[in-house]
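Data from upload-v3.cif: mmCIF, N, CA and C atoms
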```cif
data_final
loop_
_atom_site.label_atom_id
_atom_site.label_comp_id
_atom_site.auth_asym_id
_atom_site.auth_seq_id
_atom_site.Cartn_x
_atom_site.Cartn_y
_atom_site.Cartn_z
N MET A 1 1.95 -17.26 -4.16
CA MET A 1 1.82 -17.82 -2.84
C MET A 1 0.47 -17.39 -2.26
N THR A 2 -0.28 -18.33 -1.73
CA THR A 2 -1.57 -18.05 -1.11
C THR A 2 -1.42 -18.16 0.40
N HIS A 3 -1.91 -17.18 1.11
CA HIS A 3 -1.85 -17.17 2.56
C HIS A 3 -3.19 -17.59 3.14
N ARG A 4 -3.15 -18.16 4.33
CA ARG A 4 -4.38 -18.54 5.00
C ARG A 4 -5.13 -17.29 5.43
N LEU A 5 -6.43 -17.42 5.58
CA LEU A 5 -7.26 -16.30 6.01
C LEU A 5 -6.98 -15.99 7.47
N CYS A 6 -6.67 -14.76 7.75
CA CYS A 6 -6.42 -14.30 9.12
C CYS A 6 -7.29 -13.08 9.39
N HIS A 7 -7.64 -12.90 10.65
CA HIS A 7 -8.43 -11.73 11.03
C HIS A 7 -8.13 -11.39 12.48
N ASP A 8 -7.98 -10.10 12.76
CA ASP A 8 -7.80 -9.63 14.13
C ASP A 8 -8.30 -8.19 14.19
N ALA A 9 -8.67 -7.74 15.37
CA ALA A 9 -9.18 -6.38 15.54
C ALA A 9 -8.91 -5.91 16.96
N PHE A 10 -8.84 -4.61 17.11
CA PHE A 10 -8.72 -4.01 18.44
C PHE A 10 -9.33 -2.62 18.40
N GLN A 11 -9.55 -2.07 19.59
CA GLN A 11 -10.16 -0.75 19.75
C GLN A 11 -9.33 0.03 20.75
N LEU A 12 -9.12 1.31 20.45
CA LEU A 12 -8.35 2.18 21.34
C LEU A 12 -9.07 3.52 21.50
N PRO A 13 -8.79 4.22 22.60
CA PRO A 13 -9.32 5.58 22.72
C PRO A 13 -8.76 6.47 21.61
N ALA A 14 -9.53 7.44 21.18
CA ALA A 14 -9.11 8.37 20.12
C ALA A 14 -8.24 9.46 20.75
N GLU A 15 -7.01 9.10 21.05
CA GLU A 15 -6.05 10.00 21.69
C GLU A 15 -4.73 9.93 20.95
N ASP A 16 -4.07 11.07 20.80
CA ASP A 16 -2.77 11.11 20.13
C ASP A 16 -1.78 10.12 20.74
N ALA A 17 -1.82 9.97 22.05
CA ALA A 17 -0.88 9.08 22.73
C ALA A 17 -1.09 7.62 22.36
N ARG A 18 -2.18 7.27 21.71
CA ARG A 18 -2.48 5.87 21.37
C ARG A 18 -2.00 5.47 19.97
N VAL A 19 -1.52 6.42 19.18
CA VAL A 19 -1.05 6.09 17.83
C VAL A 19 0.10 5.09 17.89
N GLY A 20 1.04 5.31 18.79
CA GLY A 20 2.16 4.38 18.95
C GLY A 20 1.71 2.99 19.36
N GLU A 21 0.71 2.93 20.23
CA GLU A 21 0.17 1.63 20.64
C GLU A 21 -0.48 0.92 19.47
N ALA A 22 -1.20 1.66 18.62
CA ALA A 22 -1.81 1.06 17.43
C ALA A 22 -0.73 0.48 16.52
N ARG A 23 0.36 1.22 16.33
CA ARG A 23 1.47 0.71 15.50
C ARG A 23 2.06 -0.57 16.08
N ARG A 24 2.30 -0.57 17.38
CA ARG A 24 2.88 -1.76 18.03
C ARG A 24 1.96 -2.97 17.91
N ARG A 25 0.67 -2.76 18.10
CA ARG A 25 -0.28 -3.88 17.99
C ARG A 25 -0.32 -4.45 16.58
N VAL A 26 -0.33 -3.56 15.59
CA VAL A 26 -0.35 -4.02 14.20
C VAL A 26 0.91 -4.83 13.90
N ARG A 27 2.06 -4.32 14.30
CA ARG A 27 3.31 -5.04 14.05
C ARG A 27 3.29 -6.42 14.71
N ALA A 28 2.78 -6.51 15.94
CA ALA A 28 2.71 -7.79 16.64
C ALA A 28 1.75 -8.76 15.94
N ILE A 29 0.62 -8.26 15.48
CA ILE A 29 -0.35 -9.11 14.77
C ILE A 29 0.28 -9.66 13.49
N LEU A 30 0.93 -8.80 12.72
CA LEU A 30 1.53 -9.25 11.46
C LEU A 30 2.66 -10.25 11.70
N ARG A 31 3.42 -10.03 12.75
CA ARG A 31 4.48 -10.98 13.11
C ARG A 31 3.86 -12.33 13.44
N GLY A 32 2.78 -12.33 14.21
CA GLY A 32 2.10 -13.57 14.57
C GLY A 32 1.54 -14.31 13.37
N TRP A 33 1.15 -13.58 12.34
CA TRP A 33 0.63 -14.19 11.12
C TRP A 33 1.74 -14.61 10.15
N GLY A 34 2.97 -14.20 10.44
CA GLY A 34 4.07 -14.52 9.54
C GLY A 34 4.10 -13.66 8.29
N VAL A 35 3.50 -12.48 8.34
CA VAL A 35 3.51 -11.57 7.20
C VAL A 35 4.18 -10.24 7.59
N ASP A 36 5.15 -10.33 8.49
CA ASP A 36 5.80 -9.11 8.95
C ASP A 36 6.65 -8.45 7.86
N HIS A 37 6.85 -9.10 6.71
CA HIS A 37 7.55 -8.46 5.59
C HIS A 37 6.75 -7.26 5.06
N ARG A 38 5.48 -7.17 5.38
CA ARG A 38 4.65 -6.02 5.01
C ARG A 38 4.47 -5.06 6.18
N GLY A 39 5.17 -5.32 7.28
CA GLY A 39 4.98 -4.57 8.51
C GLY A 39 5.24 -3.09 8.41
N ASP A 40 6.36 -2.68 7.81
CA ASP A 40 6.69 -1.26 7.76
C ASP A 40 5.63 -0.46 7.00
N ASP A 41 5.22 -0.97 5.85
CA ASP A 41 4.21 -0.25 5.06
C ASP A 41 2.86 -0.22 5.79
N MET A 42 2.46 -1.35 6.38
CA MET A 42 1.16 -1.38 7.06
C MET A 42 1.19 -0.51 8.31
N VAL A 43 2.28 -0.50 9.03
CA VAL A 43 2.39 0.35 10.22
C VAL A 43 2.28 1.82 9.84
N LEU A 44 2.90 2.21 8.73
CA LEU A 44 2.79 3.59 8.27
C LEU A 44 1.34 3.93 7.90
N ILE A 45 0.68 3.03 7.19
CA ILE A 45 -0.72 3.25 6.81
C ILE A 45 -1.60 3.39 8.04
N VAL A 46 -1.44 2.48 9.00
CA VAL A 46 -2.25 2.55 10.23
C VAL A 46 -1.98 3.84 10.98
N SER A 47 -0.74 4.24 11.05
CA SER A 47 -0.39 5.48 11.74
C SER A 47 -1.10 6.67 11.11
N GLU A 48 -1.10 6.74 9.79
CA GLU A 48 -1.76 7.85 9.10
C GLU A 48 -3.28 7.81 9.27
N LEU A 49 -3.88 6.63 9.09
CA LEU A 49 -5.34 6.53 9.20
C LEU A 49 -5.81 6.76 10.63
N PHE A 50 -5.08 6.24 11.61
CA PHE A 50 -5.44 6.42 13.01
C PHE A 50 -5.34 7.90 13.39
N THR A 51 -4.27 8.55 12.95
CA THR A 51 -4.09 9.98 13.24
C THR A 51 -5.21 10.80 12.61
N ASN A 52 -5.58 10.49 11.36
CA ASN A 52 -6.68 11.20 10.72
C ASN A 52 -7.99 10.99 11.47
N ALA A 53 -8.22 9.78 11.94
CA ALA A 53 -9.45 9.49 12.68
C ALA A 53 -9.50 10.33 13.96
N ILE A 54 -8.39 10.49 14.63
CA ILE A 54 -8.34 11.33 15.83
C ILE A 54 -8.61 12.78 15.46
N ARG A 55 -7.91 13.24 14.46
CA ARG A 55 -7.94 14.66 14.09
C ARG A 55 -9.29 15.11 13.56
N TYR A 56 -9.96 14.27 12.78
CA TYR A 56 -11.14 14.73 12.06
C TYR A 56 -12.48 14.17 12.52
N SER A 57 -12.48 13.15 13.37
CA SER A 57 -13.77 12.50 13.66
C SER A 57 -14.54 13.10 14.82
N GLY A 58 -13.86 13.56 15.84
CA GLY A 58 -14.56 14.01 17.03
C GLY A 58 -15.11 12.88 17.87
N GLY A 59 -14.76 11.64 17.53
CA GLY A 59 -15.22 10.48 18.29
C GLY A 59 -14.30 10.17 19.45
N ASP A 60 -14.72 9.24 20.29
CA ASP A 60 -13.93 8.90 21.46
C ASP A 60 -13.19 7.57 21.35
N ARG A 61 -13.53 6.74 20.36
CA ARG A 61 -12.89 5.43 20.17
C ARG A 61 -12.58 5.23 18.69
N ILE A 62 -11.57 4.41 18.45
CA ILE A 62 -11.20 4.05 17.08
C ILE A 62 -11.04 2.54 17.02
N ASP A 63 -11.64 1.93 16.01
CA ASP A 63 -11.53 0.49 15.79
C ASP A 63 -10.53 0.24 14.66
N VAL A 64 -9.68 -0.77 14.84
CA VAL A 64 -8.73 -1.16 13.81
C VAL A 64 -8.93 -2.65 13.55
N ALA A 65 -9.16 -3.01 12.30
CA ALA A 65 -9.32 -4.41 11.92
C ALA A 65 -8.30 -4.74 10.84
N LEU A 66 -7.70 -5.91 10.94
CA LEU A 66 -6.76 -6.41 9.95
C LEU A 66 -7.23 -7.76 9.48
N TRP A 67 -7.10 -8.03 8.19
CA TRP A 67 -7.44 -9.36 7.69
C TRP A 67 -6.71 -9.60 6.37
N THR A 68 -6.64 -10.87 6.01
CA THR A 68 -6.07 -11.26 4.73
C THR A 68 -7.16 -11.89 3.88
N ALA A 69 -7.07 -11.68 2.59
CA ALA A 69 -8.00 -12.28 1.63
C ALA A 69 -7.39 -12.16 0.24
N GLU A 70 -7.46 -13.23 -0.52
CA GLU A 70 -7.02 -13.22 -1.91
C GLU A 70 -5.64 -12.61 -2.08
N ASN A 71 -4.70 -13.04 -1.26
CA ASN A 71 -3.29 -12.61 -1.31
C ASN A 71 -3.10 -11.11 -1.05
N LEU A 72 -4.06 -10.51 -0.33
CA LEU A 72 -3.96 -9.12 0.07
C LEU A 72 -4.06 -9.02 1.59
N LEU A 73 -3.40 -8.03 2.14
CA LEU A 73 -3.47 -7.71 3.56
C LEU A 73 -4.26 -6.41 3.69
N TYR A 74 -5.37 -6.46 4.40
CA TYR A 74 -6.26 -5.32 4.55
C TYR A 74 -6.18 -4.74 5.96
N VAL A 75 -6.41 -3.44 6.04
CA VAL A 75 -6.64 -2.77 7.32
C VAL A 75 -7.83 -1.85 7.13
N GLU A 76 -8.64 -1.75 8.17
CA GLU A 76 -9.73 -0.78 8.19
C GLU A 76 -9.69 -0.05 9.52
N VAL A 77 -9.67 1.26 9.46
CA VAL A 77 -9.67 2.10 10.65
C VAL A 77 -11.01 2.83 10.67
N THR A 78 -11.77 2.60 11.73
CA THR A 78 -13.13 3.12 11.83
C THR A 78 -13.24 4.05 13.03
N ASP A 79 -13.65 5.29 12.77
CA ASP A 79 -13.87 6.22 13.88
C ASP A 79 -15.32 6.14 14.31
N ARG A 80 -15.60 6.75 15.42
CA ARG A 80 -16.96 6.79 15.93
C ARG A 80 -17.42 8.24 16.05
N GLY A 81 -17.04 9.01 15.04
CA GLY A 81 -17.37 10.42 15.03
C GLY A 81 -18.87 10.66 14.94
N PRO A 82 -19.33 11.80 15.44
CA PRO A 82 -20.75 12.11 15.46
C PRO A 82 -21.32 12.47 14.10
N THR A 83 -20.49 12.90 13.17
CA THR A 83 -21.00 13.30 11.86
C THR A 83 -20.23 12.60 10.76
N GLY A 84 -20.88 12.43 9.63
CA GLY A 84 -20.22 11.81 8.49
C GLY A 84 -19.22 12.73 7.83
N GLY A 85 -19.59 13.99 7.62
CA GLY A 85 -18.69 14.93 6.97
C GLY A 85 -18.32 14.47 5.57
N ASP A 86 -17.31 15.08 5.01
CA ASP A 86 -16.84 14.72 3.69
C ASP A 86 -15.98 13.47 3.75
N ALA A 87 -16.00 12.71 2.68
CA ALA A 87 -15.14 11.54 2.58
C ALA A 87 -13.68 11.99 2.56
N PRO A 88 -12.80 11.23 3.20
CA PRO A 88 -11.38 11.59 3.18
C PRO A 88 -10.84 11.57 1.75
N THR A 89 -10.05 12.57 1.39
CA THR A 89 -9.42 12.63 0.07
C THR A 89 -7.99 13.10 0.23
N PRO A 90 -7.09 12.58 -0.60
CA PRO A 90 -5.70 13.05 -0.55
C PRO A 90 -5.63 14.54 -0.87
N GLN A 91 -4.75 15.24 -0.19
CA GLN A 91 -4.59 16.68 -0.39
C GLN A 91 -3.16 16.96 -0.88
N GLU A 92 -3.00 18.07 -1.56
CA GLU A 92 -1.66 18.52 -1.94
C GLU A 92 -1.15 19.42 -0.83
N ALA A 93 -0.08 19.00 -0.19
CA ALA A 93 0.51 19.79 0.90
C ALA A 93 1.65 20.63 0.35
N GLY A 94 1.75 21.84 0.89
CA GLY A 94 2.86 22.71 0.51
C GLY A 94 4.16 22.23 1.13
N VAL A 95 5.26 22.71 0.62
CA VAL A 95 6.59 22.30 1.09
C VAL A 95 6.75 22.53 2.59
N ASP A 96 6.20 23.60 3.12
CA ASP A 96 6.36 23.93 4.53
C ASP A 96 5.21 23.44 5.41
N ASP A 97 4.20 22.81 4.82
CA ASP A 97 3.06 22.31 5.60
C ASP A 97 3.49 21.12 6.46
N GLU A 98 3.03 21.12 7.70
CA GLU A 98 3.34 20.02 8.62
C GLU A 98 2.35 18.87 8.48
N CYS A 99 1.21 19.10 7.87
CA CYS A 99 0.17 18.08 7.73
C CYS A 99 -0.26 18.02 6.27
N GLY A 100 -1.05 16.99 5.96
CA GLY A 100 -1.68 16.94 4.66
C GLY A 100 -1.12 15.92 3.69
N ARG A 101 -0.18 15.08 4.14
CA ARG A 101 0.41 14.10 3.23
C ARG A 101 -0.01 12.66 3.51
N GLY A 102 -0.77 12.45 4.58
CA GLY A 102 -1.10 11.10 5.02
C GLY A 102 -1.81 10.25 3.99
N LEU A 103 -2.89 10.75 3.42
CA LEU A 103 -3.63 9.95 2.44
C LEU A 103 -2.86 9.82 1.13
N MET A 104 -1.99 10.76 0.82
CA MET A 104 -1.14 10.59 -0.37
C MET A 104 -0.19 9.41 -0.15
N LEU A 105 0.33 9.27 1.06
CA LEU A 105 1.19 8.12 1.36
C LEU A 105 0.41 6.82 1.28
N VAL A 106 -0.80 6.82 1.85
CA VAL A 106 -1.65 5.62 1.79
C VAL A 106 -1.92 5.26 0.33
N GLU A 107 -2.28 6.25 -0.47
CA GLU A 107 -2.57 6.02 -1.88
C GLU A 107 -1.35 5.45 -2.62
N HIS A 108 -0.18 5.91 -2.26
CA HIS A 108 1.05 5.44 -2.90
C HIS A 108 1.41 4.01 -2.49
N LEU A 109 1.24 3.67 -1.22
CA LEU A 109 1.64 2.36 -0.71
C LEU A 109 0.64 1.26 -1.02
N ALA A 110 -0.64 1.59 -0.97
CA ALA A 110 -1.69 0.57 -1.09
C ALA A 110 -1.98 0.23 -2.55
N VAL A 111 -2.36 -1.03 -2.78
CA VAL A 111 -2.80 -1.41 -4.12
C VAL A 111 -4.21 -0.89 -4.37
N ARG A 112 -4.95 -0.66 -3.29
CA ARG A 112 -6.26 0.00 -3.35
C ARG A 112 -6.62 0.49 -1.96
N TRP A 113 -7.50 1.49 -1.91
CA TRP A 113 -7.98 1.99 -0.63
C TRP A 113 -9.32 2.69 -0.88
N GLY A 114 -10.05 2.93 0.20
CA GLY A 114 -11.32 3.61 0.07
C GLY A 114 -11.90 3.95 1.42
N SER A 115 -13.10 4.53 1.39
CA SER A 115 -13.74 4.93 2.64
C SER A 115 -15.25 4.90 2.48
N GLY A 116 -15.93 4.95 3.60
CA GLY A 116 -17.38 5.01 3.61
C GLY A 116 -17.87 5.31 5.01
N SER A 117 -19.15 5.59 5.11
CA SER A 117 -19.75 5.83 6.42
C SER A 117 -19.69 4.54 7.23
N ASN A 118 -19.45 4.66 8.52
CA ASN A 118 -19.36 3.44 9.33
C ASN A 118 -20.66 3.10 10.05
N ARG A 119 -21.71 3.92 9.84
CA ARG A 119 -22.99 3.63 10.49
C ARG A 119 -24.14 3.92 9.55
N PRO A 120 -25.18 3.12 9.61
CA PRO A 120 -26.37 3.45 8.81
C PRO A 120 -26.86 4.84 9.20
N GLY A 121 -27.19 5.64 8.22
CA GLY A 121 -27.67 6.99 8.49
C GLY A 121 -26.56 8.00 8.65
N GLY A 122 -25.30 7.59 8.46
CA GLY A 122 -24.18 8.52 8.54
C GLY A 122 -23.51 8.50 9.90
N GLY A 123 -22.51 9.31 10.02
CA GLY A 123 -21.75 9.39 11.25
C GLY A 123 -20.48 8.58 11.18
N GLY A 124 -19.37 9.28 11.26
CA GLY A 124 -18.08 8.61 11.26
C GLY A 124 -17.70 8.07 9.90
N HIS A 125 -16.49 7.53 9.85
CA HIS A 125 -15.97 6.96 8.62
C HIS A 125 -15.20 5.69 8.90
N ALA A 126 -15.22 4.82 7.93
CA ALA A 126 -14.33 3.67 7.90
C ALA A 126 -13.42 3.89 6.70
N VAL A 127 -12.12 3.86 6.92
CA VAL A 127 -11.15 4.01 5.83
C VAL A 127 -10.33 2.73 5.81
N TRP A 128 -10.20 2.13 4.63
CA TRP A 128 -9.49 0.87 4.49
C TRP A 128 -8.41 0.99 3.42
N ALA A 129 -7.43 0.10 3.52
CA ALA A 129 -6.35 0.02 2.53
C ALA A 129 -5.92 -1.45 2.42
N ALA A 130 -5.39 -1.80 1.27
CA ALA A 130 -4.92 -3.16 1.03
C ALA A 130 -3.50 -3.14 0.47
N LEU A 131 -2.67 -4.05 0.96
CA LEU A 131 -1.31 -4.25 0.46
C LEU A 131 -1.21 -5.65 -0.12
N ALA A 132 -0.42 -5.80 -1.16
CA ALA A 132 -0.16 -7.14 -1.71
C ALA A 132 0.71 -7.92 -0.73
N LEU A 133 0.39 -9.18 -0.53
CA LEU A 133 1.19 -10.02 0.36
C LEU A 133 2.42 -10.60 -0.31
N SER A 134 2.45 -10.65 -1.61
CA SER A 134 3.64 -11.20 -2.26
C SER A 134 4.18 -10.24 -3.29
#
```
Step by step, read the file and then write its structure as structure tokens.
Amino acid sequence: MTHRLCHDAFQLPAEDARVGEARRRVRAILRGWGVDHRGDDMVLIVSELFTNAIRYSGGDRIDVALWTAENLLYVEVTDRGPTGGDAPTPQEAGVDDECGRGLMLVEHLAVRWGSGSNRPGGGGHAVWAALALS
């Protein structure tokens, strides 16, 4: 099954209280596109990437973009952090650790994912993930 090309984006302040709003917006966008069957997985991915952007970027805004292409559903979460720092990598979390599993979940759910600097000359990161639509 081939889906039509869709694209939407929004920006929110980099605040913990906005993670829930990001999840709600993503779910509404996917419902509007008729691809809400991927909603739970995409909402989890957005929640993890948005939280990481808040925790590690030091920026004040976060951009979220969603689009479809070649039977895949993509999301990109871009922070506006002042420094590039290290590229995000999955970590092994201990049994009692409260953090450290987010990118492992993204890696498990997504058919592919990656990251890069979001500005020429460095500064901030864009992290993206793709889910199969069928």
By how many Å are atom C of Phe10 (chain A) and CA of Met104 (chain A) apart?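 About the pair atom C of Phe10 (chain A) and CA of Met104 (chain A): they are 24.4 Å apart.
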Pick from A:Val46, A:Asp8, A:Leu66, A:Arg55: nearest to Glu21 (chain A), with only C-alpha atoms counted? A:Val46
Using only N, CA and C atoms, find the one residue out of A:Ser57, A:Gln11, A:Thr51, A:Thr68 that sits nearest to His125 (chain A).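 For His125 (chain A), the nearest of the given residues is A:Ser57.
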Apply the PyMOL selection byres (((chain A and resi 13 and name CA) around 6) and name CA) to the file shown and report the selected residues as a PyMOL selection string. chain A and resi 12+14-15+60-61
Please evaluate the PyMOL selection byres (((chain A and resi 128 and name CA) around 10) and name CA) against the structure above and give the resulting residues as a VMD selection string. chain A and resid 45 to 46 49 64 to 66 74 to 78 106 110 112 to 116 125 to 127 129 to 130
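CA of Val35 (chain A) sits 20.6 Å away from atom N of Gly20 (chain A).
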Interatomic distance, atom N of Ala69 (chain A) to atom C of Asp16 (chain A) (Å, one decimal):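 We find that atom N of Ala69 (chain A) and atom C of Asp16 (chain A) lie 28.9 Å from each other.
With only N, CA and C atoms as the atoms that count, the residue of A:Gly81, A:Leu30, A:Leu44, A:Asp63 with the shortest distance to Ala9 (chain A) is A:Asp63.
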Hey, what does DSSP flag as helix (DSSP H, G or I) within region 18-96 of chain A? Can you give it to me as number ranges by chain? A: 18-33, 36-57
Nearest to Gly102 (chain A) among A:Asp36, A:Arg25, A:Asn52, A:Leu5, with distances taken over all atoms listed in the file: which residue is it? A:Asn52
Nearest to Arg4 (chain A), chosen from A:Leu73, A:Arg18, A:Arg24, A:Asp40, with only C-alpha atoms counted in the distances: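 Of A:Leu73, A:Arg18, A:Arg24, A:Asp40, the one nearest Arg4 (chain A) is A:Leu73, counting only C-alpha atoms.
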Identify which of the residues A:Leu103, A:Glu48, A:Met42, A:Ile54 lies closest to Ala17 (chain A), counting only C-alpha atoms when measuring atom-to-atom distances. A:Ile54
